[in-house]
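A.B. asks: Structure supplied as data_22.txt; contents: compact mmCIF, C-alpha atoms.
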# COMPACT_ATOMS: atom_id res chain seq x y z
CA MET M 26 -11.19 -31.68 9.30
CA ILE M 27 -8.80 -29.04 8.13
CA PRO M 28 -5.46 -30.14 6.69
CA SER M 29 -2.39 -30.15 8.93
CA ARG M 30 0.15 -27.32 8.85
CA GLU M 31 2.52 -29.64 6.93
CA GLU M 32 -0.11 -30.57 4.33
CA MET M 33 -0.99 -26.91 3.74
CA TYR M 34 2.69 -25.98 3.46
CA ARG M 35 3.40 -28.80 1.01
CA ALA M 36 0.48 -27.73 -1.19
CA LEU M 37 1.84 -24.16 -1.25
CA GLU M 38 5.35 -25.39 -2.04
CA GLU M 39 4.01 -27.41 -4.96
CA ARG M 40 2.36 -24.31 -6.44
CA HIS M 41 5.01 -21.69 -5.67
CA GLY M 42 8.25 -23.66 -5.50
CA LYS M 43 10.32 -24.36 -2.39
CA GLU M 44 12.46 -21.25 -2.51
CA LEU M 45 9.63 -18.73 -2.95
CA GLN M 46 7.41 -20.45 -0.37
CA LYS M 47 10.18 -20.34 2.22
CA LYS M 48 10.45 -16.59 1.69
CA LEU M 49 6.67 -16.06 1.80
CA SER M 50 6.23 -18.16 4.93
CA GLY M 51 9.01 -16.24 6.66
CA ALA M 52 7.59 -12.81 5.75
CA ALA M 53 5.56 -10.38 7.84
CA VAL M 54 3.34 -7.79 6.11
CA ALA M 55 1.29 -4.96 7.63
CA VAL M 56 -1.96 -3.93 5.94
CA CYS M 57 -2.93 -0.39 6.95
CA GLY M 58 -6.64 0.11 6.29
CA LEU M 59 -8.99 -2.84 5.82
CA GLY M 60 -11.39 -1.49 3.21
CA GLY M 61 -11.67 -2.45 -0.44
CA LEU M 62 -7.92 -2.46 -0.92
CA GLY M 63 -6.75 -3.80 2.43
CA SER M 64 -9.25 -6.63 2.84
CA ASN M 65 -8.51 -7.88 -0.68
CA ILE M 66 -4.74 -7.51 -0.22
CA ALA M 67 -4.91 -9.50 3.02
CA VAL M 68 -6.90 -12.29 1.38
CA SER M 69 -4.36 -12.54 -1.47
CA LEU M 70 -1.39 -12.60 0.89
CA ALA M 71 -2.99 -15.13 3.24
CA ARG M 72 -3.74 -17.43 0.28
CA ALA M 73 -0.17 -17.05 -0.95
CA GLY M 74 1.05 -18.37 2.40
CA VAL M 75 2.57 -15.21 3.86
CA GLY M 76 3.59 -16.20 7.39
CA GLU M 77 2.45 -13.20 9.35
CA LEU M 78 -0.12 -10.48 8.71
CA LEU M 79 -0.67 -7.39 10.85
CA LEU M 80 -4.12 -5.91 10.20
CA ILE M 81 -4.75 -2.30 11.22
CA ASP M 82 -8.07 -0.41 11.06
CA PHE M 83 -10.19 1.56 13.55
CA ASP M 84 -13.52 1.04 11.79
CA THR M 85 -16.43 -1.42 11.92
CA VAL M 86 -18.10 -3.27 9.03
CA ASP M 87 -20.87 -1.18 7.41
CA ILE M 88 -23.47 -2.16 4.81
CA SER M 89 -21.83 0.32 2.39
CA ASN M 90 -18.65 -1.79 2.48
CA LEU M 91 -20.22 -4.95 1.11
CA ASN M 92 -20.00 -3.92 -2.58
CA ARG M 93 -16.24 -4.39 -2.61
CA GLN M 94 -14.78 -5.40 0.73
CA GLN M 95 -14.21 -8.96 1.96
CA TYR M 96 -16.91 -8.98 4.65
CA PHE M 97 -20.23 -10.77 5.04
CA PRO M 98 -23.65 -9.31 5.90
CA GLU M 99 -23.59 -11.28 9.17
CA GLN M 100 -20.44 -9.33 10.15
CA LEU M 101 -22.07 -5.88 10.06
CA GLY M 102 -21.08 -3.88 13.13
CA LEU M 103 -18.01 -5.98 13.96
CA PRO M 104 -14.61 -4.31 14.04
CA LYS M 105 -13.01 -4.88 10.62
CA THR M 106 -9.91 -6.26 12.35
CA GLU M 107 -12.02 -8.95 14.02
CA ALA M 108 -14.21 -9.74 10.98
CA LEU M 109 -11.25 -10.04 8.61
CA SER M 110 -9.16 -12.08 11.08
CA GLU M 111 -12.06 -14.53 11.26
CA THR M 112 -12.19 -14.88 7.45
CA LEU M 113 -8.42 -15.15 7.08
CA ARG M 114 -8.25 -17.90 9.72
CA LYS M 115 -10.66 -19.92 7.55
CA ILE M 116 -8.55 -19.30 4.43
CA ALA M 117 -5.15 -19.82 6.03
CA PRO M 118 -5.47 -21.45 9.45
CA TYR M 119 -1.73 -21.41 10.13
CA CYS M 120 -1.06 -17.79 9.19
CA ASN M 121 -0.03 -15.75 12.22
CA ILE M 122 -2.64 -12.99 12.21
CA ARG M 123 -2.18 -10.01 14.49
CA SER M 124 -4.45 -7.00 14.50
CA ALA M 125 -4.76 -3.54 16.01
CA GLN M 126 -8.10 -1.71 16.12
CA VAL M 127 -6.63 1.75 16.10
CA LYS M 128 -6.50 4.85 13.88
CA LEU M 129 -2.93 5.08 12.62
CA ASN M 130 -1.26 8.45 12.95
CA GLU M 131 2.27 9.85 12.83
CA GLU M 132 2.70 9.30 16.56
CA ASN M 133 1.62 5.65 16.86
CA ALA M 134 2.73 4.36 13.42
CA PRO M 135 6.45 3.90 14.19
CA GLU M 136 5.75 1.68 17.20
CA LEU M 137 2.86 -0.28 15.65
CA LEU M 138 4.83 -0.99 12.48
CA ALA M 139 8.21 -1.47 14.17
CA ASP M 140 8.74 -5.21 13.57
CA VAL M 141 7.10 -5.53 10.14
CA PRO M 142 9.35 -4.93 7.11
CA PHE M 143 6.65 -4.82 4.38
CA ILE M 144 3.79 -2.31 4.56
CA CYS M 145 0.69 -1.76 2.40
CA GLU M 146 -0.97 1.64 2.55
CA ALA M 147 -4.65 0.88 1.92
CA PHE M 148 -6.44 3.91 3.29
CA ASP M 149 -9.47 5.55 1.72
CA ARG M 150 -8.85 9.28 2.18
CA ALA M 151 -6.17 11.17 0.23
CA ASP M 152 -5.00 13.20 3.26
CA GLN M 153 -4.57 10.02 5.30
CA LYS M 154 -2.61 8.38 2.47
CA GLU M 155 -0.28 11.38 2.33
CA MET M 156 0.14 11.31 6.12
CA LEU M 157 0.99 7.61 6.36
CA VAL M 158 3.23 7.51 3.29
CA GLY M 159 5.08 10.65 4.43
CA CYS M 160 5.47 9.27 7.93
CA ILE M 161 6.85 5.91 6.76
CA LEU M 162 9.19 7.42 4.16
CA GLU M 163 10.54 9.99 6.62
CA LYS M 164 10.62 8.08 9.90
CA MET M 165 11.00 4.45 8.75
CA PRO M 166 13.13 4.58 5.59
CA GLU M 167 14.14 0.92 5.99
CA LYS M 168 10.56 -0.29 5.30
CA TYR M 169 9.25 -1.52 1.96
CA LEU M 170 6.07 0.43 1.22
CA VAL M 171 3.41 -0.24 -1.43
CA ALA M 172 0.72 2.46 -1.58
CA ALA M 173 -2.28 3.11 -3.84
CA SER M 174 -3.86 6.08 -5.58
CA GLY M 175 -6.67 6.11 -8.15
CA MET M 176 -8.97 3.11 -8.60
CA ALA M 177 -12.54 4.50 -8.51
CA GLY M 178 -15.13 3.90 -11.23
CA ILE M 179 -15.36 1.40 -14.06
CA GLY M 180 -12.69 2.81 -16.37
CA SER M 181 -10.33 0.42 -18.14
CA ALA M 182 -8.54 -1.89 -15.74
CA ASN M 183 -5.50 -1.54 -18.00
CA THR M 184 -4.79 1.97 -16.71
CA ILE M 185 -4.10 0.61 -13.22
CA ARG M 186 -0.41 -0.07 -12.91
CA THR M 187 2.45 -0.31 -10.42
CA ARG M 188 5.05 2.47 -10.46
CA ARG M 189 8.41 2.17 -8.74
CA ILE M 190 9.34 5.45 -7.04
CA THR M 191 12.42 4.16 -5.16
CA ASP M 192 13.51 0.58 -4.50
CA ARG M 193 11.50 0.72 -1.27
CA PHE M 194 8.46 2.73 -2.36
CA TYR M 195 5.93 1.68 -4.99
CA ILE M 196 2.53 3.11 -5.93
CA CYS M 197 -0.36 1.26 -7.58
CA GLY M 198 -3.42 2.70 -9.32
CA ASP M 199 -4.20 5.01 -12.22
CA GLY M 200 -3.20 8.09 -10.19
CA GLU M 201 -6.33 9.93 -11.29
CA SER M 202 -9.71 8.32 -10.52
CA ASP M 203 -10.76 10.03 -7.31
CA SER M 204 -13.65 8.58 -5.33
CA ALA M 205 -14.43 12.13 -4.19
CA ALA M 206 -15.14 13.15 -7.80
CA GLY M 207 -18.45 11.27 -7.79
CA LEU M 208 -16.98 8.05 -9.12
CA GLY M 209 -18.03 5.19 -6.89
CA LEU M 210 -15.64 2.47 -5.84
CA VAL M 211 -16.57 -0.72 -7.68
CA SER M 212 -15.44 -4.18 -6.65
CA ALA M 213 -13.57 -5.27 -9.75
CA ARG M 214 -11.39 -2.21 -10.28
CA VAL M 215 -10.61 -1.91 -6.56
CA MET M 216 -9.62 -5.59 -6.60
CA VAL M 217 -7.34 -5.01 -9.61
CA CYS M 218 -5.54 -2.31 -7.63
CA ALA M 219 -5.42 -4.46 -4.49
CA ALA M 220 -3.99 -7.30 -6.56
CA HIS M 221 -1.30 -4.96 -7.92
CA GLN M 222 -0.36 -4.10 -4.34
CA ALA M 223 -0.37 -7.71 -3.16
CA ASN M 224 1.65 -8.79 -6.20
CA MET M 225 4.26 -6.08 -5.60
CA ILE M 226 4.56 -7.17 -1.96
CA ILE M 227 5.07 -10.77 -3.09
CA ARG M 228 7.71 -9.59 -5.60
CA LEU M 229 9.54 -7.64 -2.90
CA ILE M 230 9.46 -10.65 -0.55
CA ALA M 231 10.93 -12.68 -3.42
CA GLY M 232 13.68 -10.07 -3.90
CA GLU M 233 12.33 -8.61 -7.16
CA PHE M 234 12.55 -4.83 -7.11
CA THR M 235 11.21 -3.77 -10.50
CA ALA M 236 7.57 -2.72 -10.79
CA MET C 24 16.10 20.88 -17.59
CA ILE C 25 14.53 18.91 -14.80
CA THR C 26 12.83 15.59 -15.42
CA ILE C 27 9.57 15.24 -13.53
CA ASN C 28 7.51 12.05 -13.90
CA GLY C 29 9.40 11.34 -17.12
CA LYS C 30 8.83 14.77 -18.75
CA GLU C 31 11.32 17.66 -18.99
CA TYR C 32 10.63 21.10 -17.53
CA GLU C 33 12.55 24.41 -17.36
CA LEU C 34 12.26 24.81 -13.60
CA SER C 35 15.90 24.88 -12.49
CA GLY C 36 16.51 26.98 -9.36
CA LYS C 37 12.95 26.61 -8.06
CA THR C 38 12.04 25.09 -4.71
CA VAL C 39 9.99 21.90 -4.53
CA THR C 40 7.02 23.98 -3.35
CA GLU C 41 7.35 26.23 -6.43
CA VAL C 42 7.71 23.24 -8.74
CA LEU C 43 4.56 21.65 -7.27
CA GLU C 44 2.65 24.92 -7.75
CA ALA C 45 3.91 25.30 -11.32
CA LEU C 46 2.77 21.79 -12.23
CA GLY C 47 -0.67 22.17 -10.68
CA TYR C 48 -0.06 20.09 -7.58
CA GLY C 49 -0.54 23.06 -5.22
CA GLY C 50 -2.80 22.17 -2.30
CA GLN C 51 -2.94 18.51 -3.33
CA HIS C 52 -1.84 15.47 -1.35
CA VAL C 53 1.53 14.29 -2.66
CA ALA C 54 4.82 12.54 -1.94
CA VAL C 55 8.00 13.77 -3.65
CA GLU C 56 11.14 11.86 -4.57
CA LEU C 57 14.21 13.73 -5.85
CA ASN C 58 17.20 11.83 -7.29
CA GLU C 59 16.16 8.58 -5.55
CA SER C 60 15.64 10.22 -2.14
CA ILE C 61 12.37 11.19 -0.51
CA VAL C 62 11.99 14.91 0.20
CA PRO C 63 10.52 15.36 3.71
CA ARG C 64 7.36 17.47 3.60
CA ALA C 65 8.87 20.06 5.96
CA GLU C 66 11.65 20.64 3.40
CA TYR C 67 9.60 21.40 0.29
CA ASP C 68 10.17 25.13 0.87
CA LYS C 69 13.96 24.92 1.21
CA THR C 70 14.84 22.15 -1.26
CA VAL C 71 15.95 23.61 -4.60
CA VAL C 72 16.00 21.61 -7.83
CA TYR C 73 18.78 21.92 -10.39
CA SER C 74 19.28 21.06 -14.03
CA GLY C 75 19.77 17.33 -14.49
CA ASP C 76 17.66 16.44 -11.43
CA HIS C 77 15.09 13.69 -11.61
CA MET C 78 11.92 14.15 -9.62
CA GLU C 79 8.87 11.93 -9.14
CA VAL C 80 5.64 13.34 -7.78
CA VAL C 81 3.06 10.90 -6.43
CA ARG C 82 -0.41 12.41 -6.08
CA PHE C 83 -2.89 10.79 -3.74
CA VAL C 84 -6.56 10.76 -4.63
CA GLY C 85 -9.33 9.27 -2.52
CA GLY C 86 -10.54 5.69 -2.68
CA GLY C 87 -9.60 2.41 -1.14
As a first step, turn the structure in this file into structure tokens.
C.D. replies:
Amino acid sequence: MIPSREEMYRALEERHGKELQKKLSGAAVAVCGLGGLGSNIAVSLARAGVGELLLIDFDTVDISNLNRQQYFPEQLGLPKTEALSETLRKIAPYCNIRSAQVKLNEENAPELLADVPFICEAFDRADQKEMLVGCILEKMPEKYLVAASGMAGIGSANTIRTRRITDRFYICGDGESDSAAGLGLVSARVMVCAAHQANMIIRLIAGEFTA
Amino acid sequence: MITINGKEYELSGKTVTEVLEALGYGGQHVAVELNESIVPRAEYDKTVVYSGDHMEVVRFVGGG
């Protein structure tokens, strides 16, 4: 038997306080890219009791994802949107989870992201990061955007930080460690960066605008 | 002097494209903020920076 909606909500309120939980439960967040960053961000936000999550990714679960992404071997081949929705429903059964199995681009992003105020950029490729961030900053300046750059390897976790660029645009990571430079993506450091992103989203939902 | 990512540079009168080249960001994937506003990518060539400006350059590297 899973707890009732009220029991789950009360438990969250006890941990987070009434005021913050009301804000979190009323918030909608889009996670763009469901890899090492996005899947971990979504798990954090679902556990924190964010009311609505929009999950966007075109890809399916591959064996190479299992070193750092929140999927199970039995989910290989499933669309990431479907596999992650399944996991999140177990974690947070009353979270409103929507998903879109689509490759985001400058044409479809404004419509797909229209009714979600908080957005996480969690793509893998640098050119795709630039495209999505540019598109959101230029076409949807009212959105709150938390992006990421630089989290490959096993360098010190202390170099991963959150930088405020404007009061609506924040970037997490060390800004340097490129996965294309032969540094693999390793679970712990990717999770540190994902946690920075999720924490900044929670801060923005709470009305805190410093990094 | 122009402040870019917290450091000062003598690049007054240059366009954003020229500033990016001068700082080694040429051909890289970036986002640029100038005095608290985002500079659209199509305007890097025509946006000129002046003394006293504050600029932030975000460089995107792969991994996620």
A.B. asks: Please provide the set of residues having any atom within 12 Å of Gly232 (chain M), restricted to all atoms listed in the file, with same-chain residues fewer than 3 positions apart removed, written as number ranges by chain.
C.D. replies: M: 44-45, 48-49, 52, 169, 192-193, 225-229, 235-236
A.B. asks: Tell me as a count of residues only which residues belonging to chain C come within 10 Å of chain M, counting only C-alpha atoms.
C.D. replies: 25
A.B. asks: Record the distance separating CA of Ala67 (chain M) and CA of Ile27 (chain M), expressed in Å with one decimal.
C.D. replies: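 We find that CA of Ala67 (chain M) and CA of Ile27 (chain M) lie 20.6 Å from each other.
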A.B. asks: If the box runs along x, y and z of the file and leaves 5 Å on each side of region 95-104 of chain M, what are its centre and edge lengths in Å, one decimal, as lines of an AutoDock Vina configuration file?
C.D. replies:
center_x = -18.9
center_y = -7.6
center_z = 8.0
size_x = 19.4
size_y = 17.4
size_z = 22.1
A.B. asks: Which residues, written as a ChimeraX atom specification, have at least one atom at most 6 Å from region 29-43 of chain C, with all atoms listed in the file counted and residues fewer than 5 positions away on the same chain left out?
C.D. replies: /C:24,48-49,67-68,70-74
